[in-house]
>>> print(open('start.txt').read())   # compact mmCIF, C-alpha atoms
# COMPACT_ATOMS: atom_id res chain seq x y z
CA MET A 198 -15.56 1.75 3.27
CA PRO A 199 -18.45 -0.59 2.37
CA HIS A 200 -16.35 -3.58 1.31
CA HIS A 201 -13.05 -2.88 3.08
CA ARG A 202 -12.40 -3.68 6.73
CA ARG A 203 -8.70 -3.08 7.42
CA ILE A 204 -5.44 -1.59 6.16
CA VAL A 205 -2.66 -4.20 6.21
CA LEU A 206 0.96 -3.07 6.49
CA SER A 207 4.04 -5.28 6.56
CA ILE A 208 6.63 -3.78 8.91
CA PRO A 209 10.10 -5.13 8.15
CA THR A 210 13.09 -4.15 10.25
CA GLY A 211 13.92 -0.50 9.71
CA THR A 212 10.49 0.59 8.46
CA SER A 213 10.29 4.36 8.78
CA ARG A 214 7.80 6.05 11.08
CA ASP A 215 6.66 8.06 8.05
CA THR A 216 5.51 4.87 6.28
CA VAL A 217 3.57 3.77 9.36
CA ARG A 218 2.11 7.26 9.71
CA GLN A 219 0.93 7.34 6.09
CA ALA A 220 -0.73 3.93 6.41
CA ALA A 221 -2.39 5.00 9.67
CA GLU A 222 -3.56 8.23 8.01
CA TRP A 223 -5.37 6.22 5.33
CA ALA A 224 -6.86 3.98 8.01
CA ARG A 225 -8.15 7.08 9.80
CA LEU A 226 -9.53 8.66 6.64
CA LEU A 227 -11.42 5.51 5.68
CA ASP A 228 -12.39 4.51 9.23
CA LEU A 229 -10.54 1.19 8.98
CA GLU A 230 -8.38 -0.77 11.39
CA ILE A 231 -4.65 -0.83 10.66
CA HIS A 232 -3.25 -4.35 10.94
CA ALA A 233 0.55 -4.38 11.01
CA VAL A 234 2.51 -7.57 10.39
CA PHE A 235 6.13 -8.21 11.37
CA VAL A 236 7.64 -11.14 9.47
CA GLU A 237 10.61 -13.06 10.85
CA ASP A 238 12.58 -14.05 7.74
CA GLU A 239 12.54 -17.85 7.51
CA ALA A 240 15.64 -17.75 5.31
CA VAL A 241 17.65 -16.13 8.12
CA HIS A 242 16.49 -18.78 10.59
CA GLY A 243 17.40 -21.44 8.05
CA LEU A 244 20.85 -20.00 7.45
CA ALA A 245 21.57 -20.02 11.18
CA ALA A 246 21.05 -23.79 11.20
CA TYR A 247 24.14 -24.36 9.04
CA ALA A 248 27.39 -24.91 10.97
CA PHE A 249 29.40 -23.03 8.34
CA ALA A 250 27.25 -19.88 8.55
CA ARG A 251 29.00 -16.86 10.07
CA GLU A 252 28.07 -13.30 10.99
CA PHE A 253 30.31 -10.27 11.35
CA ARG A 254 30.05 -8.96 14.90
CA LEU A 255 30.89 -5.67 16.50
CA PRO A 256 32.88 -4.58 18.47
CA THR A 257 35.13 -7.64 17.98
CA HIS A 258 35.21 -7.16 14.18
CA ALA A 259 35.33 -10.92 13.79
CA TRP A 260 33.34 -13.53 11.86
CA GLU A 261 31.62 -15.83 14.35
CA PRO A 262 28.99 -18.61 14.20
CA ILE A 263 25.39 -17.40 14.21
CA ASP A 264 23.90 -17.74 17.68
CA HIS A 265 20.32 -19.11 17.46
CA ASP A 266 19.29 -17.61 20.80
CA ARG A 267 20.77 -14.23 19.94
CA LEU A 268 19.02 -14.30 16.56
CA ALA A 269 15.68 -15.02 18.23
CA ASP A 270 16.30 -12.18 20.69
CA ASP A 271 17.13 -9.81 17.82
CA PHE A 272 13.89 -10.66 16.02
CA ARG A 273 11.91 -10.30 19.24
CA HIS A 274 13.49 -6.91 19.95
CA ALA A 275 12.79 -5.71 16.39
CA ALA A 276 9.16 -6.87 16.62
CA ASN A 277 8.67 -5.13 19.98
CA THR A 278 10.17 -1.93 18.57
CA ALA A 279 7.84 -2.12 15.55
CA LYS A 280 4.81 -2.66 17.80
CA ARG A 281 5.70 0.32 19.98
CA GLN A 282 6.06 2.44 16.85
CA LEU A 283 2.65 1.33 15.59
CA ASP A 284 0.97 1.87 18.96
CA THR A 285 2.42 5.38 19.24
CA VAL A 286 1.29 6.42 15.76
CA ALA A 287 -2.14 4.76 16.06
CA ALA A 288 -2.81 6.39 19.43
CA ALA A 289 -1.82 9.81 18.10
CA MET A 290 -4.21 9.45 15.14
CA GLY A 291 -7.01 7.73 17.03
CA VAL A 292 -7.17 4.62 14.83
CA ARG A 293 -7.76 1.01 15.81
CA ALA A 294 -4.59 -1.06 15.52
CA ALA A 295 -3.59 -4.73 15.66
CA PHE A 296 -0.12 -6.27 15.48
CA GLN A 297 0.88 -9.76 14.38
CA VAL A 298 4.18 -11.63 14.13
CA LEU A 299 4.62 -14.21 11.36
CA ARG A 300 7.54 -16.38 10.28
CA GLY A 301 8.18 -17.04 6.61
CA ASP A 302 9.12 -15.31 3.36
CA PRO A 303 8.74 -11.54 3.97
CA SER A 304 7.42 -11.00 0.44
CA GLY A 305 4.85 -13.80 0.56
CA ALA A 306 3.81 -14.41 4.16
CA VAL A 307 1.62 -11.32 4.32
CA ALA A 308 -0.07 -12.09 0.99
CA GLN A 309 -1.14 -15.49 2.29
CA MET A 310 -3.16 -13.90 5.10
CA LEU A 311 -4.91 -11.30 2.94
CA CYS A 312 -8.61 -11.44 2.12
CA ALA A 313 -10.92 -9.52 -0.20
CA SER A 314 -11.84 -6.94 2.46
CA ASP A 315 -8.20 -5.88 2.99
CA ILE A 316 -6.20 -3.01 1.54
CA VAL A 317 -2.53 -3.95 1.64
CA VAL A 318 -0.09 -1.03 1.68
CA LEU A 319 3.21 -1.04 -0.19
CA THR A 320 5.71 1.80 -0.43
CA GLU A 321 7.62 2.26 -3.66
CA PRO A 322 11.42 2.31 -3.24
CA SER A 323 12.95 5.76 -3.38
CA LEU A 324 14.70 5.09 -6.69
CA GLY A 325 11.32 5.13 -8.45
CA SER A 326 9.85 2.74 -10.98
CA GLU A 327 13.15 2.25 -12.82
CA GLY A 328 14.94 1.02 -9.71
CA LEU A 329 12.49 -1.36 -8.02
CA THR A 330 14.26 -3.82 -5.75
CA GLN A 331 13.71 -7.55 -6.08
CA THR A 332 12.17 -7.61 -2.60
CA PHE A 333 9.64 -4.97 -3.59
CA LEU A 334 8.85 -6.73 -6.86
CA ARG A 335 8.17 -10.00 -5.03
CA SER A 336 5.95 -8.18 -2.52
CA TRP A 337 4.12 -6.40 -5.35
CA GLN A 338 3.52 -9.62 -7.28
CA SER A 339 2.37 -11.44 -4.14
CA ALA A 340 -0.02 -8.64 -3.20
CA CYS A 341 -1.46 -8.43 -6.71
CA GLY A 342 -1.91 -12.20 -6.71
CA SER A 343 -4.08 -12.00 -3.58
CA ALA A 344 -7.76 -11.10 -3.24
CA ALA A 345 -6.95 -7.78 -1.53
CA SER A 346 -6.89 -4.25 -2.87
CA VAL A 347 -3.42 -2.70 -3.12
CA LEU A 348 -2.44 0.83 -2.08
CA LEU A 349 0.94 1.87 -3.51
CA LEU A 350 2.47 4.88 -1.77
CA PRO A 351 5.24 6.98 -3.36
CA PRO A 352 8.42 7.47 -1.33
CA GLY A 353 8.68 10.54 0.87
CA ARG A 354 5.91 12.94 1.78
CA ILE A 355 2.63 12.85 -0.11
CA ARG A 356 -0.12 15.42 -0.57
CA THR A 357 -2.72 15.52 2.18
CA HIS A 358 -5.27 17.39 0.08
CA GLY A 359 -6.42 17.27 -3.54
CA PRO A 360 -9.08 15.70 -5.75
CA VAL A 361 -9.69 11.95 -5.77
CA VAL A 362 -9.24 10.69 -9.34
CA ALA A 363 -10.81 7.49 -10.68
CA LEU A 364 -10.49 5.66 -13.98
CA THR A 365 -14.01 4.73 -15.09
CA PHE A 366 -13.14 1.83 -17.40
CA GLY A 367 -14.31 -0.33 -14.47
CA ASP A 368 -16.94 0.54 -11.87
CA ARG A 369 -15.52 -0.81 -8.57
CA GLY A 370 -12.67 1.69 -8.56
CA ALA A 371 -15.00 4.57 -9.40
CA ARG A 372 -17.38 3.65 -6.57
CA THR A 373 -14.51 3.34 -4.13
CA ALA A 374 -13.11 6.71 -5.25
CA ALA A 375 -16.54 8.30 -4.73
CA HIS A 376 -16.61 6.88 -1.20
CA ILE A 377 -13.12 8.27 -0.46
CA ALA A 378 -14.05 11.68 -1.86
CA GLY A 379 -17.20 11.75 0.28
CA ARG A 380 -15.28 10.89 3.45
CA THR A 381 -12.42 13.31 2.84
CA GLY A 382 -14.47 16.23 1.54
CA GLU A 383 -12.45 16.31 -1.67
CA ALA A 384 -13.71 16.68 -5.25
CA LEU A 385 -14.09 13.55 -7.39
CA VAL A 386 -12.64 13.59 -10.91
CA LEU A 387 -13.65 10.76 -13.29
CA LEU A 388 -11.39 9.87 -16.22
CA GLY A 389 -12.78 7.79 -19.06
CA PRO A 390 -16.19 6.59 -20.24
CA ALA A 391 -19.28 7.95 -18.49
CA ARG A 392 -20.94 5.36 -16.24
CA PRO A 393 -24.08 5.58 -14.11
CA MET A 394 -23.11 6.01 -10.48
CA VAL A 395 -24.89 6.48 -7.18
CA LEU A 396 -22.98 9.15 -5.29
CA PRO A 397 -22.59 8.91 -1.50
CA PRO A 398 -24.70 11.47 0.42
CA ALA A 399 -21.57 13.30 1.59
CA LEU A 400 -20.49 13.98 -2.02
CA ALA A 401 -22.45 16.73 -3.74
CA ALA A 402 -22.94 16.45 -7.50
CA GLU A 403 -21.22 19.81 -8.07
CA HIS A 404 -18.04 18.31 -6.59
CA VAL A 405 -17.84 15.71 -9.37
CA GLY A 406 -15.97 16.47 -12.59
CA ARG A 407 -15.14 14.48 -15.71
CA ARG A 408 -12.18 14.50 -18.07
CA ASP A 409 -11.74 12.60 -21.32
CA LEU A 410 -9.38 9.62 -21.40
CA ASN A 411 -9.49 7.42 -24.48
CA ALA A 412 -6.49 5.20 -23.79
CA ILE A 413 -4.46 4.15 -20.74
CA THR A 414 -1.02 5.30 -21.85
CA GLU A 415 1.54 7.56 -20.20
CA HIS A 416 0.88 10.33 -22.71
CA ALA A 417 -2.92 10.13 -22.47
CA LEU A 418 -2.89 9.96 -18.66
CA GLY A 419 -0.51 12.90 -18.42
CA LEU A 420 -2.76 15.02 -20.64
CA ALA A 421 -5.94 14.01 -18.79
CA LEU A 422 -4.49 14.70 -15.34
CA GLY A 423 -2.93 17.94 -16.49
CA ASP A 424 -2.58 20.45 -13.67
CA LEU A 425 -4.52 18.43 -11.09
CA ARG A 426 -2.71 17.92 -7.81
CA GLU A 427 -4.55 14.71 -7.07
CA ARG A 428 -4.55 13.08 -3.66
CA VAL A 429 -4.95 9.53 -4.97
CA LEU A 430 -5.61 7.69 -8.23
CA VAL A 431 -8.14 4.84 -7.95
CA LEU A 432 -8.92 2.09 -10.45
CA ASP A 433 -10.00 -1.54 -10.73
CA ARG A 434 -7.04 -3.85 -10.18
CA ASN A 435 -8.00 -6.32 -12.92
CA LEU A 436 -8.62 -3.54 -15.42
CA LEU A 437 -5.06 -3.30 -16.73
CA ASP A 438 -2.81 -5.34 -18.94
CA ASP A 439 0.93 -5.23 -18.22
CA ALA A 440 1.61 -2.24 -20.48
CA GLN A 441 -1.26 -0.24 -18.99
CA GLU A 442 -0.17 -1.08 -15.44
CA ARG A 443 3.33 0.19 -16.20
CA ALA A 444 1.86 3.38 -17.68
CA VAL A 445 -0.29 4.07 -14.62
CA LEU A 446 2.54 3.36 -12.18
CA ARG A 447 5.06 5.50 -14.09
CA VAL A 448 2.70 8.47 -14.29
CA ALA A 449 1.77 8.12 -10.61
CA ALA A 450 5.43 7.87 -9.59
CA ALA A 451 6.33 10.97 -11.60
CA ARG A 452 3.49 12.90 -9.93
CA ALA A 453 4.15 11.45 -6.42
CA THR A 454 0.56 10.19 -6.34
CA PRO A 455 -0.65 7.16 -4.35
CA VAL A 456 -2.43 4.50 -6.42
CA LEU A 457 -5.28 2.37 -5.06
CA LEU A 458 -5.96 -0.73 -7.14
CA VAL A 459 -9.32 -2.07 -6.00
CA GLY A 460 -9.75 -5.83 -5.86
CA THR A 461 -12.88 -7.90 -6.40
CA PRO A 462 -14.58 -8.47 -3.04
CA ALA A 463 -17.27 -11.15 -3.03
CA ASP A 464 -19.93 -8.78 -1.70
CA ILE A 465 -19.89 -6.20 -4.51
>>> encode(input="start.txt", output="structure tokens")
Amino acid sequence: MPHHRRIVLSIPTGTSRDTVRQAAEWARLLDLEIHAVFVEDEAVHGLAAYAFAREFRLPTHAWEPIDHDRLADDFRHAANTAKRQLDTVAAAMGVRAAFQVLRGDPSGAVAQMLCASDIVVLTEPSLGSEGLTQTFLRSWQSACGSAASVLLLPPGRIRTHGPVVALTFGDRGARTAAHIAGRTGEALVLLGPARPMVLPPALAAEHVGRRDLNAITEHALGLALGDLRERVLVLDRNLLDDAQERAVLRVAAARATPVLLVGTPADI
């Protein structure tokens, strides 16, 4: 993608292979590197420093002091497991991959390393938009406070084919959507005001459609999307106020559609 260089994925302990696979699939589609980050939780390290801190251990079924060396070994083992998982998926899909270990707040450490040419991937909790966990909310707020673009994936399996839909109230998202459509061979559907646009060579004009959208509300978006089985919804990240953001995310969650909120890279 002209202004994106890598897909960034935070891999906490227990991250599913499906999440890694979906992130790697987007990296492959867009010809980007996938950069996975494992964050050692600084709060856990800090807790272990207190003499009163205890952990429940098996098979003794007893509360015992936290062992610093064992904790470090556990983090190292989890990081190695995550790296092997990434390497396996990346090799199978033929994408470039990098792996990094950080120590800090899991919801903020990754955001601090992001730049304008990154797309950071987040996966919505399985309870949907009404049941977002505090950890996810902190990660979401940190990602949206960075310079990066944000790709929000719905839980579970997502569609691997379907039109690429863009809101045209801003032009960066529409241009990015056109690029994605050209690379994937999918149709491009533009929602909102007509804007002049230079289409990529791989995207024929007959594969571009338009639908009216006069307001960014749940009702209006639902009507505009209608029977489309869209592969992704793309828009400018700074386009929305809080109410509009909630509307987009609720509609996308209900339709199990990924959302790409495009940031403001310095070179576009």
>>> closest_atom_pairs(input="start.txt", of="range 323-419 of chain A", to="range 438-450 of chain A", cutoff="6 Å", atoms="all atoms listed in the file", output="Markdown table")
| residue | atom | partner | partner_atom | distance |
| --- | --- | --- | --- | --- |
| A:Ile413 | CA | A:Gln441 | CA | 5.7 |
| A:Thr414 | CA | A:Ala444 | CA | 5.4 |
| A:Glu415 | CA | A:Ala444 | CA | 4.9 |
>>> residues_around(input="start.txt", residues="Ser346 in chain A", least_positions_apart="3", cutoff="7 Å", atoms="all atoms listed in the file", output="number ranges by chain")
A: 315-317, 458-460
>>> closest_residue(input="start.txt", among="A:Ala344, A:Leu437, A:Val236, A:Leu385", to="Asp302 in chain A", atoms="all atoms listed in the file")
A:Val236
>>> residues_near_point(input="start.txt", point="(-19.9, 11.3, -1.6)", cutoff="12 Å", atoms="only C-alpha atoms", output="count of residues only")
29
>>> residues_around(input="start.txt", residues="Leu334 in chain A", least_positions_apart="6", cutoff="10 Å", atoms="only C-alpha atoms", output="list in words")
Ser304, Glu321 and Ala340 of chain A
>>> closest_residue(input="start.txt", among="A:Arg335, A:Ala308, A:Val347, A:Gly367", to="Pro393 in chain A", atoms="all atoms listed in the file")
A:Gly367
>>> axis_aligned_box(input="start.txt", around="range 281-289 of chain A", padding_each_side="5 Å", output="lines of an AutoDock Vina configuration file")
center_x = 1.6
center_y = 5.1
center_z = 17.8
size_x = 18.9
size_y = 19.5
size_z = 14.4
>>> atom_distance(input="start.txt", atom1="CA of Thr278 in chain A", atom2="CA of His232 in chain A")
15.6 Å
>>> residues_around(input="start.txt", residues="Val286 in chain A", least_positions_apart="5", cutoff="12 Å", atoms="only C-alpha atoms", output="mmCIF file with C-alpha atoms, in the frame of the given file")
data_model
loop_
_atom_site.group_PDB
_atom_site.id
_atom_site.type_symbol
_atom_site.label_atom_id
_atom_site.label_comp_id
_atom_site.auth_asym_id
_atom_site.auth_seq_id
_atom_site.Cartn_x
_atom_site.Cartn_y
_atom_site.Cartn_z
ATOM 1 C CA SER A 213 10.290 4.360 8.780
ATOM 2 C CA ARG A 214 7.800 6.050 11.080
ATOM 3 C CA ASP A 215 6.660 8.060 8.050
ATOM 4 C CA THR A 216 5.510 4.870 6.280
ATOM 5 C CA VAL A 217 3.570 3.770 9.360
ATOM 6 C CA ARG A 218 2.110 7.260 9.710
ATOM 7 C CA GLN A 219 0.930 7.340 6.090
ATOM 8 C CA ALA A 220 -0.730 3.930 6.410
ATOM 9 C CA ALA A 221 -2.390 5.000 9.670
ATOM 10 C CA GLU A 222 -3.560 8.230 8.010
ATOM 11 C CA ALA A 224 -6.860 3.980 8.010
ATOM 12 C CA ARG A 225 -8.150 7.080 9.800
ATOM 13 C CA ILE A 231 -4.650 -0.830 10.660
ATOM 14 C CA ALA A 233 0.550 -4.380 11.010
ATOM 15 C CA ALA A 279 7.840 -2.120 15.550
ATOM 16 C CA LYS A 280 4.810 -2.660 17.800
ATOM 17 C CA ARG A 281 5.700 0.320 19.980
ATOM 18 C CA GLY A 291 -7.010 7.730 17.030
ATOM 19 C CA VAL A 292 -7.170 4.620 14.830
ATOM 20 C CA ARG A 293 -7.760 1.010 15.810
ATOM 21 C CA ALA A 294 -4.590 -1.060 15.520
#
>>> atom_distance(input="start.txt", atom1="CA of Leu436 in chain A", atom2="CA of Ser343 in chain A")
15.2 Å
>>> closest_residue(input="start.txt", among="A:Asn435, A:Thr454, A:Ser207, A:Gln338", to="Arg354 in chain A", atoms="all atoms listed in the file")
A:Thr454
>>> atom_distance(input="start.txt", atom1="CA of Leu319 in chain A", atom2="CA of Val298 in chain A")
17.8 Å
>>> residues_around(input="start.txt", residues="Gly359 in chain A", least_positions_apart="4", cutoff="6 Å", atoms="all atoms listed in the file", output="list in words")
Arg426, Glu427 and Arg428 of chain A
>>> closest_residue(input="start.txt", among="A:Cys312, A:Ala451, A:Val307, A:Ala289", to="Ser336 in chain A", atoms="all atoms listed in the file")
A:Val307
